[in-house]
Number of protein chains: 2
Amino acid sequence: MATDAPAPDVTVPDTADDGRVPTVDPAALRDVLDGEYAEVRRGVRESLASYASVLVDAETLPREEFRERVREVVLEIAATGQSALGFPEQYGGGDDIGASIASFETLAYGDLSVLVKVGVQFGLFGGAILQLGTERHHDAYLADIVSGRLLGCFAMTETGHGSDVQSLGTVARYDAAAGEFVITTAEPGANKDYIGNAARHARVAVVFAQLEVDGERHGVHALVVPLRDEAGTVLPGVRIEDDGAKMGLNGVDNGRIWFDEVRVPREALLNRFADVTEDGVYTSEIESAGRRFFTMLGTLIQGRVSVGGAGVSAAKVALTIAVEYALQRRQFQASDDGPEELLLDYGMHQRRLLPLLARTYGLHFAQEVLVARLDEVFSGRGEDEATRKMLESRAAGTKALATWHATRTIQECREACGGAGYLAENRFAALKADTDVFTTFEGDNHVLLQLVAKGLLTDYASDFSDLDQLGMVRFVAGLAVDTVLERTRVHRLLEQIKDALPGGDSWDDDAGLLDPAYHLAMYRFREEHLIGGVARRLKRGVDSGMAPGQVFSQVQDHVIAAARAHVERLVLEAFTEKVAAQPDGPVKDTLNLLCDLHALSGIESDRAWFIEHGRLTVQRSKAITREVGALCRRVRPIAGDLVAAFDVPRPLLRAEALLGG
Amino acid sequence: MATDAPAPDVTVPDTADDGRVPTVDPAALRDVLDGEYAEVRRGVRESLASYASVLVDAETLPREEFRERVREVVLEIAATGQSALGFPEQYGGGDDIGASIASFETLAYGDLSVLVKVGVQFGLFGGAILQLGTERHHDAYLADIVSGRLLGCFAMTETGHGSDVQSLGTVARYDAAAGEFVITTAEPGANKDYIGNAARHARVAVVFAQLEVDGERHGVHALVVPLRDEAGTVLPGVRIEDDGAKMGLNGVDNGRIWFDEVRVPREALLNRFADVTEDGVYTSEIESAGRRFFTMLGTLIQGRVSVGGAGVSAAKVALTIAVEYALQRRQFQASDDGPEELLLDYGMHQRRLLPLLARTYGLHFAQEVLVARLDEVFSGRGEDEATRKMLESRAAGTKALATWHATRTIQECREACGGAGYLAENRFAALKADTDVFTTFEGDNHVLLQLVAKGLLTDYASDFSDLDQLGMVRFVAGLAVDTVLERTRVHRLLEQIKDALPGGDSWDDDAGLLDPAYHLAMYRFREEHLIGGVARRLKRGVDSGMAPGQVFSQVQDHVIAAARAHVERLVLEAFTEKVAAQPDGPVKDTLNLLCDLHALSGIESDRAWFIEHGRLTVQRSKAITREVGALCRRVRPIAGDLVAAFDVPRPLLRAEALLGG
């Protein structure tokens, strides 16, 4: 409630407020942010500026016309090659998955309907053909997908099943006599829903359906199913309905699809992980239907990685506008004869914006690490099962935190711009409406954090993929708590950090408030403790005879808190390591300051937990609150440079009136 | 971060989870909610259902057409008399200000452009004529305003000055020779901005301007200024620009207005509190320009009261959809052979929605108390200065909490409905976009809370109105802290409550977790302590030689926390008193349960503060977290009834697909 960040009772000298005002060159900082993919990002920034008018079209064109406009822009982007970097060179791609994510992230500075349509076409649809298909599909489709000649959609979600995709109701039955699959919407609510590109532009869909061969079900598989002919007429047996107006992203034509005995050839099955022989024998190297499905899903995690990155970019746009506004806008006099005070000189305004700015930097670097890992795994440099599972978990968790951060940051920035922030010309309207769905698409954030928790609790066990939430409860309940903890790698990390800090077990009292080892120790302690607590509670629940579903329901908020604590730790580690890797100088000093603010405001916002668990005295907790205020005052003078380093092309900010052109 | 509501480490029997499942008749509960104005509310509900199609128009019509449609609906409402309840009977009104707010609150179940246009025309424009004008203005305008024959606007905010309205830049200079005022936009940024009804429909404006008589400035006053002729053509000297597309509320035609030496007769001055004689002598019974202006503003607080009530209503609509959805939607199996689990049977889902539901009830009753006080004061039953000031403070604080609650609740409800919540047909799109500005219009919430704090710190001193933030700092610094505390009435309340609880000073350990006296004691303690702390910090800052502006900046978050704590206490008191006033029975039991959940989840979310200030042991803090979970489980079986009691007319929910028609 009220006092999330309560002010302390006593004012003591701020330990960090040493009067040192850092100075930093925004361009140097931008180069650090741009990192390995600076050139790709620069190219996308230039393209973005050239079609910035689409931001106005989003506001002025009727829905159908705007959809067409967005389609045109997507084709323009396709022509630059910026959307194909993740595809093999032989089909016109760049063979560089890391670069493809960097490109997508930067694209997120612009109109987000364009971004999402790019994501649907090249990430989801094209990605599914690439990752789940084999050469025959690649040869048949990829070149046309890359060029944009063939637009398609990714038809997974159904009205009745979103989060629990294993329970989809669409069926693909193999008719051995005809050598064809028969696709059917087999029950009410089993129609595909919210499918981007479906309402207008997709000629082909990758359809996820329960595969049935000779009366036996083998779980969910993907098939290529034509939806429309070249003229755009919907094919027989297919029924498509427009999802209509949405809160945002109205340049994307989402729709519902029903299939009534639609026949496709046997070869339409994307058969990288499983196949059906001509005479109707199902084959797969992966025995378990559950693991098979999650292996397929695992190849598609670029979608989640991309959405998380887009969330961070959207937060950057919002912060750029709000911070620049707060550096121009004056209101109320600060002294009797002085000018009115700049908004950013108000303590509360600093408190509202600057920790969010620091966290945006943290999430940026966490995303960078994630993309590097993704690039490793998908380039075949990190092929083992556990590495893949950890990557999936990290992608899920980062997506959840980054998209919630975007929602929160955009809201705070809008309010910090008052009535001006409410005008469409100042971008917040579109930013808010377009990003809102990020928290629930490509995986509902709460469900994603449950996935993270499952990985932690089972240490990415070999049967990890098979476990639904009930399975997870039983699995954990079957282990000793010590075994669970032993398995979590956190335990070891915590031991290491204790050694590095003064005070041994009581590092929380003796370490300096601005010691990164202290921050890490706190984040790691929380993670380990929460995971251990979840394990204990699950075990105790099952032991007491409660049904696993009921146990899960009662422990669910704890499960999610544990997963969050894990991802928070990953974010802080990424930030800390980035700082450590910088050569001495203003850039390092600046990032260090931001990392301190991020770490301490994170501890502050969860200080009740730390106090409750014996890792924070009341006195130290109050000192942290004071320190966060002091850090905000130190960040204040460079706030403008910090947003300038995001390098959002000026025309994309719009906000001409608000920022004075 | 992560663990806002962390799960406890140990599962102990839930003290409140006694297996008692309350049952309650939604109609009986609705009658309690509807209260004194049940008949008015019923009438508005019926009207609303009859033009529910405007919700679809909001989504489908081009902006200009939608504006016209909204205008038509506003005129239809005017014809029912529902928008005129606050005006004198002689002009077609109902002479019942309480009823007029009840009507407005209920109207907020429907399209919010309609609501805001009603607010602009009858609340702001009509209200200003009524409250600031005298008989000559009433006779000239009120009957036409009430009927909707004369549409007008309320031109206060300027591009350059929103929160600090005393510094407006529009000037009204008296030309004694002509017996006229000359209205001029005297500096860049002094144009009126965001003015509802200005871009299209207003023929007349109430313009706030610096009054200048014979070279002397007398502060901000209001004048009636024609903008357009009967044909709608903008008059000479007036320039109007359309604010264009907004995040939401696109049925309201907001605009900017510039005045270039526009002449109006001397009688155009709304002269209830000040006048200028024909020969150019300024007269007012209120000597101080500051106090005069705040007296004028004080008569206009219905706007804030109305917006707060509208926020509560919008939260009710969102919760109705999300709770009903969670009672129909199933996802993931709860046991191996059972059906999939209802969303509302997930612990996390309960945690996300049910405390918000409880708080919505609390804010409803707080709003009810506020409206009753407003009705008293404006009916002349509570005329003294301190009563008025307290009413203004209460209106400001309730508006801030209610509108933030609306933003947060609508967001949580949207996410709880997943992708379906993103479709425009399910209402969240409009609810989110339309209510977003509530937190910053009719007073920015942070600025409003500073107003609340000022009242607390000065105990609504007679020179209260004159104090800007610097004045407040100096005023408080000039008193002994004890004097400040003595003056805050909280002190006395706290003493009373201690007597009523076991344990004397250590009531926080000895009282039952579900004892309302315990909840109140905690809320009152926090308020008193925060106010004392602010006083001390302000004093110490000034004593140490810091400039008042800098002192204010550094203490600002503490100031705002103190104000919030005050308003939270008022909300809890309103809720507690409502429960106590009910006759024994299921309605009382139900409200009691909700009040417990509201009070304890409020303590839980601020438990760090209570621990830091010695009023909560770690053990008891954990017990509160457990209790909140247990209370959620007890509310779960009646959640459907609790939203049914809001009685949102079915067609206004839309959500046909989501809720199955």
# chains A, B, ... in the order shown; residues from 1 in each chain; ligands from 1
>>> interface_residues(of="chain B", to="chain A", cutoff="7 Å", atoms="only C-alpha atoms", output="PyMOL selection string")
chain B and resi 1-4+6-7+9-11+164+245-247+331-332+334-335+346-348+415+418-419+422-424+429+437+440-441+533+537+549+553-554+556-558+561+564-565+602+605-608+612+618
>>> residues_around(residues="region 29-44 of chain B", least_positions_apart="5", cutoff="7 Å", atoms="only C-alpha atoms", output="list of chain:residue names")
B:Ala99, B:Ala102, B:Ser103, B:Thr106, B:Leu107, B:Val587, B:Ala645, B:Phe646, B:Asp647
>>> select_by_dssp(residues="region 309-471 of chain B", states="alpha helix (DSSP H)", output="PyMOL selection string")
chain B and resi 309-326+347-378+385-416+428-435+445-458+469-471
>>> residues_around(residues="region 322-328 of chain B", least_positions_apart="6", cutoff="6 Å", atoms="only C-alpha atoms", output="number ranges by chain")
B: 343-344, 413, 659
>>> select_by_dssp(residues="region 147-316 of chain B", states="strand (DSSP E or B)", output="ChimeraX atom specification")
/B:152-155,158,170-175,180-185,192-195,204-213,216-226,228,234,238-242,246,255-259,262-265,269,274-276,282-284
>>> residues_around(residues="Ala108 (chain A)", least_positions_apart="4", cutoff="7 Å", atoms="only C-alpha atoms", output="PDB file with N, CA, C and O atoms, in the first residue's frame")
ATOM      1  N   PHE A 104      15.232  -7.746 -33.874  1.00  0.00           N
ATOM      2  CA  PHE A 104      13.841  -7.700 -33.404  1.00  0.00           C
ATOM      3  C   PHE A 104      13.695  -6.747 -32.222  1.00  0.00           C
ATOM      4  O   PHE A 104      12.756  -5.937 -32.162  1.00  0.00           O
ATOM      5  N   LEU A 112       4.389  -1.303 -32.770  1.00  0.00           N
ATOM      6  CA  LEU A 112       4.447  -2.675 -32.288  1.00  0.00           C
ATOM      7  C   LEU A 112       3.539  -3.631 -33.056  1.00  0.00           C
ATOM      8  O   LEU A 112       3.710  -4.844 -32.969  1.00  0.00           O
ATOM      9  N   LEU A 115       6.014  -4.853 -35.392  1.00  0.00           N
ATOM     10  CA  LEU A 115       6.883  -5.796 -34.698  1.00  0.00           C
ATOM     11  C   LEU A 115       6.225  -7.165 -34.565  1.00  0.00           C
ATOM     12  O   LEU A 115       6.830  -8.202 -34.864  1.00  0.00           O
ATOM     13  N   ALA A 310      11.580  -7.213 -26.518  1.00  0.00           N
ATOM     14  CA  ALA A 310      10.699  -6.131 -26.973  1.00  0.00           C
ATOM     15  C   ALA A 310      10.147  -5.362 -25.782  1.00  0.00           C
ATOM     16  O   ALA A 310       9.993  -4.135 -25.837  1.00  0.00           O
ATOM     17  N   SER A 313      12.715  -2.931 -24.674  1.00  0.00           N
ATOM     18  CA  SER A 313      12.782  -1.796 -25.609  1.00  0.00           C
ATOM     19  C   SER A 313      11.621  -0.825 -25.400  1.00  0.00           C
ATOM     20  O   SER A 313      11.805   0.395 -25.443  1.00  0.00           O
ATOM     21  N   ALA A 314      10.436  -1.366 -25.187  1.00  0.00           N
ATOM     22  CA  ALA A 314       9.274  -0.498 -24.975  1.00  0.00           C
ATOM     23  C   ALA A 314       9.463   0.333 -23.707  1.00  0.00           C
ATOM     24  O   ALA A 314       9.122   1.522 -23.666  1.00  0.00           O
TER      25      ALA A 314
END
